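Below is target_35.csv, holding CSV, N, CA and C atoms.
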chain,number,residue,atom,x,y,z
J,16,ALA,N,-12.5,17.8,-29.6
J,16,ALA,CA,-11.3,17.4,-28.9
J,16,ALA,C,-11.3,18.2,-27.5
J,17,ALA,N,-11.0,17.5,-26.5
J,17,ALA,CA,-10.9,18.2,-25.2
J,17,ALA,C,-9.6,19.0,-25.1
J,18,GLU,N,-9.6,20.0,-24.4
J,18,GLU,CA,-8.5,20.9,-24.3
J,18,GLU,C,-8.2,21.1,-22.8
J,19,ASN,N,-6.9,21.0,-22.4
J,19,ASN,CA,-6.5,21.2,-21.0
J,19,ASN,C,-6.3,22.7,-20.8
J,20,ILE,N,-7.3,23.3,-20.2
J,20,ILE,CA,-7.1,24.7,-19.9
J,20,ILE,C,-6.5,24.9,-18.6
J,21,ARG,N,-5.4,25.6,-18.6
J,21,ARG,CA,-4.6,25.8,-17.3
J,21,ARG,C,-5.1,27.0,-16.5
J,22,SER,N,-5.1,26.8,-15.2
J,22,SER,CA,-5.5,27.9,-14.4
J,22,SER,C,-4.5,27.9,-13.2
J,23,VAL,N,-4.4,29.1,-12.6
J,23,VAL,CA,-3.5,29.3,-11.4
J,23,VAL,C,-4.4,29.6,-10.2
J,24,SER,N,-4.2,28.8,-9.2
J,24,SER,CA,-4.9,29.1,-7.9
J,24,SER,C,-3.9,29.4,-6.8
J,25,SER,N,-4.2,30.5,-6.1
J,25,SER,CA,-3.3,30.8,-5.0
J,25,SER,C,-3.9,30.2,-3.7
J,26,ILE,N,-3.0,29.8,-2.8
J,26,ILE,CA,-3.4,29.2,-1.6
J,26,ILE,C,-2.6,29.8,-0.4
J,27,VAL,N,-3.2,29.6,0.8
J,27,VAL,CA,-2.5,29.9,2.0
J,27,VAL,C,-2.3,28.6,2.7
J,28,VAL,N,-1.1,28.2,2.8
J,28,VAL,CA,-0.8,26.9,3.4
J,28,VAL,C,-1.4,26.7,4.8
J,29,GLY,N,-2.0,25.6,5.1
J,29,GLY,CA,-2.6,25.4,6.4
J,29,GLY,C,-4.0,26.0,6.5
J,30,GLU,N,-4.5,26.8,5.6
J,30,GLU,CA,-5.8,27.4,5.6
J,30,GLU,C,-6.7,27.0,4.5
J,31,ASP,N,-6.1,26.8,3.3
J,31,ASP,CA,-6.9,26.4,2.2
J,31,ASP,C,-7.0,24.9,2.0
J,32,ALA,N,-8.1,24.4,1.4
J,32,ALA,CA,-8.2,22.9,1.2
J,32,ALA,C,-7.2,22.4,0.2
J,33,LEU,N,-6.7,23.3,-0.7
J,33,LEU,CA,-5.7,22.9,-1.7
J,33,LEU,C,-4.3,23.1,-1.1
J,34,ASN,N,-4.0,22.3,-0.2
J,34,ASN,CA,-2.6,22.3,0.4
J,34,ASN,C,-1.6,21.7,-0.6
J,35,PRO,N,-0.4,22.2,-0.6
J,35,PRO,CA,0.6,21.6,-1.5
J,35,PRO,C,0.8,20.2,-1.2
J,36,PRO,N,1.2,19.4,-2.2
J,36,PRO,CA,1.4,17.9,-1.9
J,36,PRO,C,2.6,17.7,-1.1
J,37,VAL,N,2.5,16.6,-0.3
J,37,VAL,CA,3.7,16.2,0.5
J,37,VAL,C,4.1,14.8,0.0
J,38,VAL,N,5.3,14.5,0.3
J,38,VAL,CA,5.8,13.2,-0.2
J,38,VAL,C,5.0,12.0,0.5
J,39,VAL,N,5.0,10.9,-0.1
J,39,VAL,CA,4.3,9.7,0.5
J,39,VAL,C,5.0,9.4,1.9
J,40,GLN,N,4.1,9.3,2.9
J,40,GLN,CA,4.5,9.1,4.3
J,40,GLN,C,4.7,7.6,4.5
J,41,PRO,N,5.8,7.2,5.1
J,41,PRO,CA,6.0,5.7,5.3
J,41,PRO,C,5.2,5.2,6.4
J,42,ALA,N,4.7,4.0,6.3
J,42,ALA,CA,4.0,3.3,7.4
J,42,ALA,C,4.9,2.5,8.2
J,43,ASN,N,4.6,2.2,9.4
J,43,ASN,CA,5.4,1.4,10.3
J,43,ASN,C,5.1,-0.1,10.1
J,44,LYS,N,6.1,-0.9,9.9
J,44,LYS,CA,6.0,-2.3,9.7
J,44,LYS,C,5.9,-3.0,11.1
J,45,ILE,N,4.9,-3.8,11.3
J,45,ILE,CA,4.7,-4.4,12.6
J,45,ILE,C,5.3,-5.8,12.6
J,46,SER,N,5.0,-6.6,11.5
J,46,SER,CA,5.5,-8.0,11.4
J,46,SER,C,5.5,-8.4,9.9
J,47,GLY,N,6.1,-9.6,9.7
J,47,GLY,CA,6.1,-10.1,8.3
J,47,GLY,C,7.5,-10.2,7.7
J,48,ALA,N,7.6,-11.0,6.7
J,48,ALA,CA,9.0,-11.2,6.2
J,48,ALA,C,9.2,-10.4,4.9
J,49,SER,N,8.2,-9.7,4.4
J,49,SER,CA,8.4,-9.0,3.1
J,49,SER,C,9.3,-7.8,3.3
J,50,LEU,N,10.0,-7.4,2.3
J,50,LEU,CA,10.8,-6.2,2.3
J,50,LEU,C,10.1,-5.0,1.6
J,51,GLY,N,8.8,-5.2,1.2
J,51,GLY,CA,8.1,-4.2,0.5
J,51,GLY,C,7.7,-3.0,1.4
J,52,ASN,N,7.4,-1.9,0.7
J,52,ASN,CA,7.0,-0.7,1.4
J,52,ASN,C,5.5,-0.4,1.4
J,53,VAL,N,5.0,0.2,2.4
J,53,VAL,CA,3.6,0.7,2.4
J,53,VAL,C,3.7,2.1,2.8
J,54,GLY,N,3.0,3.0,2.2
J,54,GLY,CA,3.0,4.4,2.5
J,54,GLY,C,1.6,5.0,2.4
J,55,LEU,N,1.5,6.2,2.9
J,55,LEU,CA,0.3,7.0,2.8
J,55,LEU,C,0.5,8.2,2.0
J,56,ASP,N,-0.3,8.4,1.0
J,56,ASP,CA,-0.3,9.6,0.1
J,56,ASP,C,-1.4,10.5,0.6
J,57,ILE,N,-1.0,11.6,1.3
J,57,ILE,CA,-2.0,12.5,1.9
J,57,ILE,C,-2.6,13.3,0.8
J,58,ILE,N,-4.0,13.2,0.7
J,58,ILE,CA,-4.7,13.9,-0.3
J,58,ILE,C,-5.5,15.1,0.3
J,59,ASN,N,-6.1,14.9,1.4
J,59,ASN,CA,-6.9,15.9,2.0
J,59,ASN,C,-6.7,16.0,3.5
J,60,ASN,N,-6.0,16.9,4.0
J,60,ASN,CA,-5.6,17.1,5.4
J,60,ASN,C,-6.9,17.1,6.3
J,61,GLU,N,-7.9,17.7,5.8
J,61,GLU,CA,-9.1,17.9,6.6
J,61,GLU,C,-9.9,16.6,6.9
J,62,GLU,N,-9.6,15.6,6.1
J,62,GLU,CA,-10.3,14.3,6.3
J,62,GLU,C,-9.5,13.3,7.1
J,63,LEU,N,-8.3,13.7,7.4
J,63,LEU,CA,-7.5,12.8,8.3
J,63,LEU,C,-8.1,12.6,9.6
J,64,THR,N,-8.1,11.4,10.2
J,64,THR,CA,-8.8,11.2,11.4
J,64,THR,C,-7.8,10.9,12.6
J,65,GLY,N,-6.5,10.6,12.3
J,65,GLY,CA,-5.6,10.3,13.4
J,65,GLY,C,-5.8,8.9,14.0
J,66,GLN,N,-6.6,8.1,13.3
J,66,GLN,CA,-6.9,6.7,13.8
J,66,GLN,C,-5.8,5.8,13.3
J,67,ASN,N,-5.8,4.6,13.8
J,67,ASN,CA,-4.9,3.5,13.5
J,67,ASN,C,-5.4,2.6,12.4
J,68,TYR,N,-4.5,2.3,11.4
J,68,TYR,CA,-4.9,1.4,10.3
J,68,TYR,C,-4.0,0.3,10.2
J,69,GLU,N,-4.4,-0.8,9.5
J,69,GLU,CA,-3.6,-2.0,9.3
J,69,GLU,C,-3.7,-2.4,7.8
J,70,VAL,N,-2.6,-2.7,7.2
J,70,VAL,CA,-2.6,-3.3,5.8
J,70,VAL,C,-2.2,-4.8,6.0
J,71,THR,N,-3.0,-5.7,5.5
J,71,THR,CA,-2.7,-7.1,5.6
J,71,THR,C,-2.8,-7.7,4.2
J,72,PHE,N,-2.1,-8.9,4.0
J,72,PHE,CA,-2.0,-9.5,2.7
J,72,PHE,C,-2.6,-10.9,2.8
J,73,PHE,N,-3.2,-11.4,1.7
J,73,PHE,CA,-3.7,-12.7,1.6
J,73,PHE,C,-3.7,-13.2,0.2
J,74,LYS,N,-3.6,-14.5,0.0
J,74,LYS,CA,-3.4,-15.1,-1.3
J,74,LYS,C,-4.7,-14.9,-2.2
J,75,ASN,N,-4.4,-14.5,-3.5
J,75,ASN,CA,-5.5,-14.5,-4.5
J,75,ASN,C,-5.6,-15.9,-5.1
J,76,THR,N,-6.6,-16.7,-4.6
J,76,THR,CA,-6.7,-18.1,-5.0
J,76,THR,C,-7.3,-18.2,-6.4
J,77,SER,N,-7.8,-17.1,-7.0
J,77,SER,CA,-8.4,-17.2,-8.3
J,77,SER,C,-7.4,-17.1,-9.4
J,78,SER,N,-6.1,-16.7,-9.0
J,78,SER,CA,-5.1,-16.5,-10.0
J,78,SER,C,-4.3,-17.8,-10.2
J,79,VAL,N,-3.9,-18.1,-11.4
J,79,VAL,CA,-3.1,-19.2,-11.7
J,79,VAL,C,-1.7,-18.9,-11.2
J,80,TYR,N,-1.2,-17.7,-11.4
J,80,TYR,CA,0.1,-17.3,-10.9
J,80,TYR,C,0.0,-16.9,-9.4
J,81,TYR,N,1.1,-17.0,-8.7
J,81,TYR,CA,1.1,-16.5,-7.3
J,81,TYR,C,0.8,-15.1,-7.2
J,82,SER,N,-0.2,-14.7,-6.5
J,82,SER,CA,-0.6,-13.3,-6.4
J,82,SER,C,-1.2,-13.0,-5.1
J,83,MET,N,-1.0,-11.8,-4.6
J,83,MET,CA,-1.4,-11.5,-3.2
J,83,MET,C,-2.4,-10.3,-3.3
J,84,PHE,N,-3.5,-10.4,-2.6
J,84,PHE,CA,-4.4,-9.2,-2.4
J,84,PHE,C,-3.9,-8.5,-1.1
J,85,TRP,N,-4.3,-7.2,-1.0
J,85,TRP,CA,-4.1,-6.6,0.3
J,85,TRP,C,-5.4,-5.9,0.7
J,86,LYS,N,-5.6,-5.7,2.0
J,86,LYS,CA,-6.7,-5.0,2.5
J,86,LYS,C,-6.3,-4.0,3.5
J,87,LEU,N,-7.1,-2.9,3.6
J,87,LEU,CA,-6.9,-1.9,4.6
J,87,LEU,C,-8.0,-1.9,5.6
J,88,LYS,N,-7.6,-1.9,6.9
J,88,LYS,CA,-8.6,-2.0,8.0
J,88,LYS,C,-8.4,-0.8,8.9
J,89,ASN,N,-9.4,-0.1,9.3
J,89,ASN,CA,-9.3,0.9,10.4
J,89,ASN,C,-9.4,0.2,11.7
J,90,LEU,N,-8.3,0.1,12.4
J,90,LEU,CA,-8.2,-0.6,13.7
J,90,LEU,C,-9.0,0.1,14.8
J,91,SER,N,-9.2,1.4,14.7
J,91,SER,CA,-10.0,2.1,15.7
J,91,SER,C,-11.5,1.8,15.6
J,92,THR,N,-12.0,1.5,14.4
J,92,THR,CA,-13.5,1.3,14.2
J,92,THR,C,-13.7,-0.2,13.8
J,93,GLY,N,-12.7,-0.9,13.3
J,93,GLY,CA,-12.9,-2.3,12.9
J,93,GLY,C,-13.4,-2.4,11.4
J,94,ALA,N,-13.6,-1.2,10.8
J,94,ALA,CA,-14.1,-1.2,9.4
J,94,ALA,C,-13.1,-1.6,8.4
J,95,ILE,N,-13.4,-2.4,7.4
J,95,ILE,CA,-12.6,-2.8,6.3
J,95,ILE,C,-12.8,-1.7,5.3
J,96,LEU,N,-11.8,-0.9,5.0
J,96,LEU,CA,-11.9,0.2,4.1
J,96,LEU,C,-11.6,-0.1,2.6
J,97,GLN,N,-10.7,-1.1,2.4
J,97,GLN,CA,-10.4,-1.6,1.1
J,97,GLN,C,-10.2,-3.1,1.3
J,98,ASP,N,-10.8,-3.9,0.4
J,98,ASP,CA,-10.7,-5.3,0.5
J,98,ASP,C,-10.3,-5.9,-0.9
J,99,SER,N,-9.4,-6.9,-0.9
J,99,SER,CA,-9.0,-7.6,-2.1
J,99,SER,C,-8.5,-6.6,-3.2
J,100,SER,N,-7.6,-5.8,-2.8
J,100,SER,CA,-7.0,-4.8,-3.7
J,100,SER,C,-5.7,-5.4,-4.4
J,101,LEU,N,-5.6,-5.1,-5.7
J,101,LEU,CA,-4.4,-5.5,-6.4
J,101,LEU,C,-3.7,-4.2,-6.9
J,102,ALA,N,-4.0,-3.1,-6.3
J,102,ALA,CA,-3.4,-1.8,-6.7
J,102,ALA,C,-2.0,-1.7,-5.9
J,103,TYR,N,-0.9,-1.9,-6.7
J,103,TYR,CA,0.4,-1.8,-6.1
J,103,TYR,C,1.0,-0.6,-6.8
J,104,THR,N,0.9,0.6,-6.1
J,104,THR,CA,1.3,1.8,-6.7
J,104,THR,C,2.4,2.6,-5.9
J,105,TYR,N,3.0,1.9,-5.0
J,105,TYR,CA,4.1,2.6,-4.2
J,105,TYR,C,5.2,3.0,-5.2
J,106,GLY,N,5.6,4.2,-5.1
J,106,GLY,CA,6.6,4.7,-6.1
J,106,GLY,C,6.0,5.3,-7.3
J,107,SER,N,4.7,5.3,-7.5
J,107,SER,CA,4.0,5.8,-8.6
J,107,SER,C,3.4,7.1,-8.3
J,108,GLN,N,3.2,8.0,-9.3
J,108,GLN,CA,2.6,9.3,-9.0
J,108,GLN,C,1.1,9.2,-9.1
J,109,ALA,N,0.6,8.0,-9.4
J,109,ALA,CA,-0.9,7.8,-9.6
J,109,ALA,C,-1.7,8.3,-8.4
J,110,VAL,N,-2.8,9.0,-8.6
J,110,VAL,CA,-3.7,9.4,-7.5
J,110,VAL,C,-5.1,9.0,-7.9
J,111,ASN,N,-5.3,8.0,-8.7
J,111,ASN,CA,-6.6,7.6,-9.2
J,111,ASN,C,-7.1,6.4,-8.4
J,112,GLN,N,-6.6,6.2,-7.2
J,112,GLN,CA,-7.1,5.1,-6.3
J,112,GLN,C,-8.1,5.7,-5.4
J,113,LYS,N,-8.8,4.8,-4.6
J,113,LYS,CA,-9.8,5.1,-3.7
J,113,LYS,C,-9.1,5.9,-2.5
J,114,ILE,N,-9.7,7.1,-2.2
J,114,ILE,CA,-9.2,7.9,-1.1
J,114,ILE,C,-10.0,7.5,0.2
J,115,THR,N,-9.3,7.1,1.2
J,115,THR,CA,-9.9,6.7,2.5
J,115,THR,C,-9.4,7.6,3.6
J,116,ASP,N,-10.4,8.2,4.3
J,116,ASP,CA,-10.1,9.1,5.4
J,116,ASP,C,-9.0,10.1,5.1
J,117,GLY,N,-9.0,10.6,3.8
J,117,GLY,CA,-8.0,11.7,3.4
J,117,GLY,C,-6.7,11.2,2.9
J,118,PHE,N,-6.5,9.9,2.7
J,118,PHE,CA,-5.2,9.5,2.1
J,118,PHE,C,-5.5,8.3,1.2
J,119,ILE,N,-4.5,8.1,0.3
J,119,ILE,CA,-4.4,6.9,-0.6
J,119,ILE,C,-3.4,6.0,0.0
J,120,THR,N,-3.7,4.7,0.1
J,120,THR,CA,-2.7,3.7,0.5
J,120,THR,C,-1.9,3.3,-0.6
J,121,LYS,N,-0.6,3.4,-0.5
J,121,LYS,CA,0.4,3.0,-1.6
J,121,LYS,C,1.1,1.8,-1.1
J,122,VAL,N,1.0,0.7,-1.8
J,122,VAL,CA,1.7,-0.6,-1.5
J,122,VAL,C,2.6,-0.9,-2.6
J,123,GLU,N,3.8,-1.4,-2.2
J,123,GLU,CA,4.8,-1.8,-3.2
J,123,GLU,C,4.7,-3.2,-3.6
J,124,ARG,N,4.8,-3.5,-4.9
J,124,ARG,CA,4.6,-4.8,-5.4
J,124,ARG,C,5.9,-5.6,-5.1
J,125,GLN,N,5.7,-6.8,-4.6
J,125,GLN,CA,6.9,-7.7,-4.3
J,125,GLN,C,6.5,-9.0,-5.0
J,126,ASP,N,7.3,-9.4,-6.0
J,126,ASP,CA,7.1,-10.7,-6.7
J,126,ASP,C,7.8,-11.8,-6.0
J,127,ALA,N,7.1,-12.9,-5.8
J,127,ALA,CA,7.7,-14.0,-5.1
J,127,ALA,C,8.8,-14.7,-6.0
J,128,VAL,N,9.9,-15.1,-5.3
J,128,VAL,CA,10.9,-15.8,-6.1
J,128,VAL,C,11.4,-17.0,-5.2
J,129,ILE,N,11.8,-18.0,-5.8
J,129,ILE,CA,12.4,-19.2,-5.1
J,129,ILE,C,13.8,-19.2,-5.4
J,130,GLY,N,14.6,-19.2,-4.3
J,130,GLY,CA,16.1,-19.2,-4.5
J,130,GLY,C,16.6,-20.7,-4.6
J,131,MET,N,17.9,-20.8,-4.6
J,131,MET,CA,18.5,-22.1,-4.7
J,131,MET,C,18.3,-22.9,-3.4
J,132,VAL,N,17.8,-24.1,-3.5
J,132,VAL,CA,17.6,-24.9,-2.3
J,132,VAL,C,18.9,-25.7,-2.0
J,133,THR,N,19.4,-25.6,-0.8
J,133,THR,CA,20.6,-26.3,-0.4
J,133,THR,C,20.3,-27.0,0.9
J,134,TYR,N,21.0,-28.1,1.1
J,134,TYR,CA,20.9,-28.8,2.4
J,134,TYR,C,22.3,-29.3,2.8
J,135,SER,N,22.7,-28.9,4.0
J,135,SER,CA,24.0,-29.3,4.6
J,135,SER,C,23.7,-30.1,5.8
J,136,PRO,N,23.8,-31.4,5.8
J,136,PRO,CA,23.5,-32.2,7.0
J,136,PRO,C,24.7,-32.0,8.0
J,137,PRO,N,24.3,-32.2,9.3
J,137,PRO,CA,25.3,-32.0,10.3
J,137,PRO,C,26.5,-33.0,10.3
J,138,GLY,N,26.3,-34.1,9.7
J,138,GLY,CA,27.3,-35.2,9.6
J,138,GLY,C,27.4,-35.7,8.2
J,139,SER,N,27.9,-36.9,8.0
J,139,SER,CA,28.0,-37.5,6.7
J,139,SER,C,26.8,-38.2,6.3
J,140,GLU,N,25.7,-38.2,7.1
J,140,GLU,CA,24.5,-38.9,6.8
J,140,GLU,C,23.5,-38.0,6.0
J,141,TRP,N,22.8,-38.6,5.1
J,141,TRP,CA,21.8,-38.0,4.3
J,141,TRP,C,20.5,-38.5,4.7
J,142,PHE,N,19.5,-37.7,5.1
J,142,PHE,CA,18.2,-38.1,5.6
J,142,PHE,C,17.2,-38.0,4.5

Would you write out, as structure tokens, the structure that this file holds?
Amino acid sequence: AAENIRSVSSIVVGEDALNPPVVVQPANKISGASLGNVGLDIINNEELTGQNYEVTFFKNTSSVYYSMFWKLKNLSTGAILQDSSLAYTYGSQAVNQKITDGFITKVERQDAVIGMVTYSPPGSEWF
């Protein structure tokens, strides 16, 4: 049986690689109708590049149910860093995702819903 042996490591903030964790940093929304959140979970300050990134969404056509993939692109280099991801971990403590350039991308799951359809014609005519 495996045993979790605890150890204590002292650090100097800003000098050691083991910096204390910070809260998930919010991303800026550029466009789109979704109310979902995207954030950055900083894992390693020394690997942060200061470059610009973009998260985009596209339909998962292999799913019977409506489902969206997301991908992460480095806008500064044009490289796709994550493609066709279904990891929706915004609000979760999970850190077992792929680390890209020192951070984990956290995307909030938004399930599609159809509301009540109504039509109010401008007059008494129905088209």

One-decimal distance in Å that lies between atom C of Ala127 (chain J) and atom C of Asp56 (chain J): 28.0 Å

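With atom C of Val53 (chain J) on one side and atom N of Thr120 (chain J) on the other, the separation reads 8.3 Å.
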
Selected residue, from J:Pro136, J:Asn89, J:Val79, J:Gln112, that lies nearest to Gly65 (chain J) when counting only C-alpha atoms: J:Asn89

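Minimum atom-to-atom distances from J:Gln66, J:Asn60, J:Asn52, J:Thr92 to Lys121 (chain J) were compared using only N, CA and C atoms, and the lowest value belongs to J:Asn52.
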
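What separates atom C of Glu61 (chain J) from atom C of Ala42 (chain J) is a distance of 20.5 Å.
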
Selected residue of minimal separation from Trp85 (chain J) among J:Met131, J:Leu63, J:Val70, J:Ile58, counting all atoms listed in the file: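 Using all atoms listed in the file, the shortest distance to Trp85 (chain J) belongs to J:Val70.
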
Nearby residues, (-2.1, 1.9, 8.4) file frame, 8 Å, only C-alpha atoms, as a PyMOL selection string: chain J and resi 42-43+55+67-70+87-89

DSSP on the backbone, then: every residue of region 17-123 of chain J marked strand (DSSP E), written as a PDB file with N, CA and C atoms, in the coordinates of the input.
ATOM      1  N   GLN J  40       4.100   9.300   2.900  1.00  0.00           N
ATOM      2  CA  GLN J  40       4.500   9.100   4.300  1.00  0.00           C
ATOM      3  C   GLN J  40       4.700   7.600   4.500  1.00  0.00           C
ATOM      4  N   PRO J  41       5.800   7.200   5.100  1.00  0.00           N
ATOM      5  CA  PRO J  41       6.000   5.700   5.300  1.00  0.00           C
ATOM      6  C   PRO J  41       5.200   5.200   6.400  1.00  0.00           C
ATOM      7  N   VAL J  53       5.000   0.200   2.400  1.00  0.00           N
ATOM      8  CA  VAL J  53       3.600   0.700   2.400  1.00  0.00           C
ATOM      9  C   VAL J  53       3.700   2.100   2.800  1.00  0.00           C
ATOM     10  N   GLY J  54       3.000   3.000   2.200  1.00  0.00           N
ATOM     11  CA  GLY J  54       3.000   4.400   2.500  1.00  0.00           C
ATOM     12  C   GLY J  54       1.600   5.000   2.400  1.00  0.00           C
ATOM     13  N   LEU J  55       1.500   6.200   2.900  1.00  0.00           N
ATOM     14  CA  LEU J  55       0.300   7.000   2.800  1.00  0.00           C
ATOM     15  C   LEU J  55       0.500   8.200   2.000  1.00  0.00           C
ATOM     16  N   ASP J  56      -0.300   8.400   1.000  1.00  0.00           N
ATOM     17  CA  ASP J  56      -0.300   9.600   0.100  1.00  0.00           C
ATOM     18  C   ASP J  56      -1.400  10.500   0.600  1.00  0.00           C
ATOM     19  N   ILE J  57      -1.000  11.600   1.300  1.00  0.00           N
ATOM     20  CA  ILE J  57      -2.000  12.500   1.900  1.00  0.00           C
ATOM     21  C   ILE J  57      -2.600  13.300   0.800  1.00  0.00           C
ATOM     22  N   TYR J  68      -4.500   2.300  11.400  1.00  0.00           N
ATOM     23  CA  TYR J  68      -4.900   1.400  10.300  1.00  0.00           C
ATOM     24  C   TYR J  68      -4.000   0.300  10.200  1.00  0.00           C
ATOM     25  N   GLU J  69      -4.400  -0.800   9.500  1.00  0.00           N
ATOM     26  CA  GLU J  69      -3.600  -2.000   9.300  1.00  0.00           C
ATOM     27  C   GLU J  69      -3.700  -2.400   7.800  1.00  0.00           C
ATOM     28  N   VAL J  70      -2.600  -2.700   7.200  1.00  0.00           N
ATOM     29  CA  VAL J  70      -2.600  -3.300   5.800  1.00  0.00           C
ATOM     30  C   VAL J  70      -2.200  -4.800   6.000  1.00  0.00           C
ATOM     31  N   THR J  71      -3.000  -5.700   5.500  1.00  0.00           N
ATOM     32  CA  THR J  71      -2.700  -7.100   5.600  1.00  0.00           C
ATOM     33  C   THR J  71      -2.800  -7.700   4.200  1.00  0.00           C
ATOM     34  N   PHE J  72      -2.100  -8.900   4.000  1.00  0.00           N
ATOM     35  CA  PHE J  72      -2.000  -9.500   2.700  1.00  0.00           C
ATOM     36  C   PHE J  72      -2.600 -10.900   2.800  1.00  0.00           C
ATOM     37  N   PHE J  73      -3.200 -11.400   1.700  1.00  0.00           N
ATOM     38  CA  PHE J  73      -3.700 -12.700   1.600  1.00  0.00           C
ATOM     39  C   PHE J  73      -3.700 -13.200   0.200  1.00  0.00           C
ATOM     40  N   LYS J  74      -3.600 -14.500   0.000  1.00  0.00           N
ATOM     41  CA  LYS J  74      -3.400 -15.100  -1.300  1.00  0.00           C
ATOM     42  C   LYS J  74      -4.700 -14.900  -2.200  1.00  0.00           C
ATOM     43  N   MET J  83      -1.000 -11.800  -4.600  1.00  0.00           N
ATOM     44  CA  MET J  83      -1.400 -11.500  -3.200  1.00  0.00           C
ATOM     45  C   MET J  83      -2.400 -10.300  -3.300  1.00  0.00           C
ATOM     46  N   PHE J  84      -3.500 -10.400  -2.600  1.00  0.00           N
ATOM     47  CA  PHE J  84      -4.400  -9.200  -2.400  1.00  0.00           C
ATOM     48  C   PHE J  84      -3.900  -8.500  -1.100  1.00  0.00           C
ATOM     49  N   TRP J  85      -4.300  -7.200  -1.000  1.00  0.00           N
ATOM     50  CA  TRP J  85      -4.100  -6.600   0.300  1.00  0.00           C
ATOM     51  C   TRP J  85      -5.400  -5.900   0.700  1.00  0.00           C
ATOM     52  N   LYS J  86      -5.600  -5.700   2.000  1.00  0.00           N
ATOM     53  CA  LYS J  86      -6.700  -5.000   2.500  1.00  0.00           C
ATOM     54  C   LYS J  86      -6.300  -4.000   3.500  1.00  0.00           C
ATOM     55  N   LEU J  87      -7.100  -2.900   3.600  1.00  0.00           N
ATOM     56  CA  LEU J  87      -6.900  -1.900   4.600  1.00  0.00           C
ATOM     57  C   LEU J  87      -8.000  -1.900   5.600  1.00  0.00           C
ATOM     58  N   LYS J  88      -7.600  -1.900   6.900  1.00  0.00           N
ATOM     59  CA  LYS J  88      -8.600  -2.000   8.000  1.00  0.00           C
ATOM     60  C   LYS J  88      -8.400  -0.800   8.900  1.00  0.00           C
ATOM     61  N   ASN J  89      -9.400  -0.100   9.300  1.00  0.00           N
ATOM     62  CA  ASN J  89      -9.300   0.900  10.400  1.00  0.00           C
ATOM     63  C   ASN J  89      -9.400   0.200  11.700  1.00  0.00           C
ATOM     64  N   ILE J  95     -13.400  -2.400   7.400  1.00  0.00           N
ATOM     65  CA  ILE J  95     -12.600  -2.800   6.300  1.00  0.00           C
ATOM     66  C   ILE J  95     -12.800  -1.700   5.300  1.00  0.00           C
ATOM     67  N   LEU J  96     -11.800  -0.900   5.000  1.00  0.00           N
ATOM     68  CA  LEU J  96     -11.900   0.200   4.100  1.00  0.00           C
ATOM     69  C   LEU J  96     -11.600  -0.100   2.600  1.00  0.00           C
ATOM     70  N   GLN J  97     -10.700  -1.100   2.400  1.00  0.00           N
ATOM     71  CA  GLN J  97     -10.400  -1.600   1.100  1.00  0.00           C
ATOM     72  C   GLN J  97     -10.200  -3.100   1.300  1.00  0.00           C
ATOM     73  N   ASP J  98     -10.800  -3.900   0.400  1.00  0.00           N
ATOM     74  CA  ASP J  98     -10.700  -5.300   0.500  1.00  0.00           C
ATOM     75  C   ASP J  98     -10.300  -5.900  -0.900  1.00  0.00           C
ATOM     76  N   SER J  99      -9.400  -6.900  -0.900  1.00  0.00           N
ATOM     77  CA  SER J  99      -9.000  -7.600  -2.100  1.00  0.00           C
ATOM     78  C   SER J  99      -8.500  -6.600  -3.200  1.00  0.00           C
ATOM     79  N   SER J 100      -7.600  -5.800  -2.800  1.00  0.00           N
ATOM     80  CA  SER J 100      -7.000  -4.800  -3.700  1.00  0.00           C
ATOM     81  C   SER J 100      -5.700  -5.400  -4.400  1.00  0.00           C
ATOM     82  N   PHE J 118      -6.500   9.900   2.700  1.00  0.00           N
ATOM     83  CA  PHE J 118      -5.200   9.500   2.100  1.00  0.00           C
ATOM     84  C   PHE J 118      -5.500   8.300   1.200  1.00  0.00           C
ATOM     85  N   ILE J 119      -4.500   8.100   0.300  1.00  0.00           N
ATOM     86  CA  ILE J 119      -4.400   6.900  -0.600  1.00  0.00           C
ATOM     87  C   ILE J 119      -3.400   6.000   0.000  1.00  0.00           C
ATOM     88  N   THR J 120      -3.700   4.700   0.100  1.00  0.00           N
ATOM     89  CA  THR J 120      -2.700   3.700   0.500  1.00  0.00           C
ATOM     90  C   THR J 120      -1.900   3.300  -0.600  1.00  0.00           C
ATOM     91  N   LYS J 121      -0.600   3.400  -0.500  1.00  0.00           N
ATOM     92  CA  LYS J 121       0.400   3.000  -1.600  1.00  0.00           C
ATOM     93  C   LYS J 121       1.100   1.800  -1.100  1.00  0.00           C
ATOM     94  N   VAL J 122       1.000   0.700  -1.800  1.00  0.00           N
ATOM     95  CA  VAL J 122       1.700  -0.600  -1.500  1.00  0.00           C
ATOM     96  C   VAL J 122       2.600  -0.900  -2.600  1.00  0.00           C
TER      97      VAL J 122
END

Residue nearest Asn59 (chain J) among J:Gly47, J:Pro41, J:Gly93, J:Gly117 (counting all atoms listed in the file):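 The shortest atom-to-atom distance to Asn59 (chain J) comes from J:Gly117.
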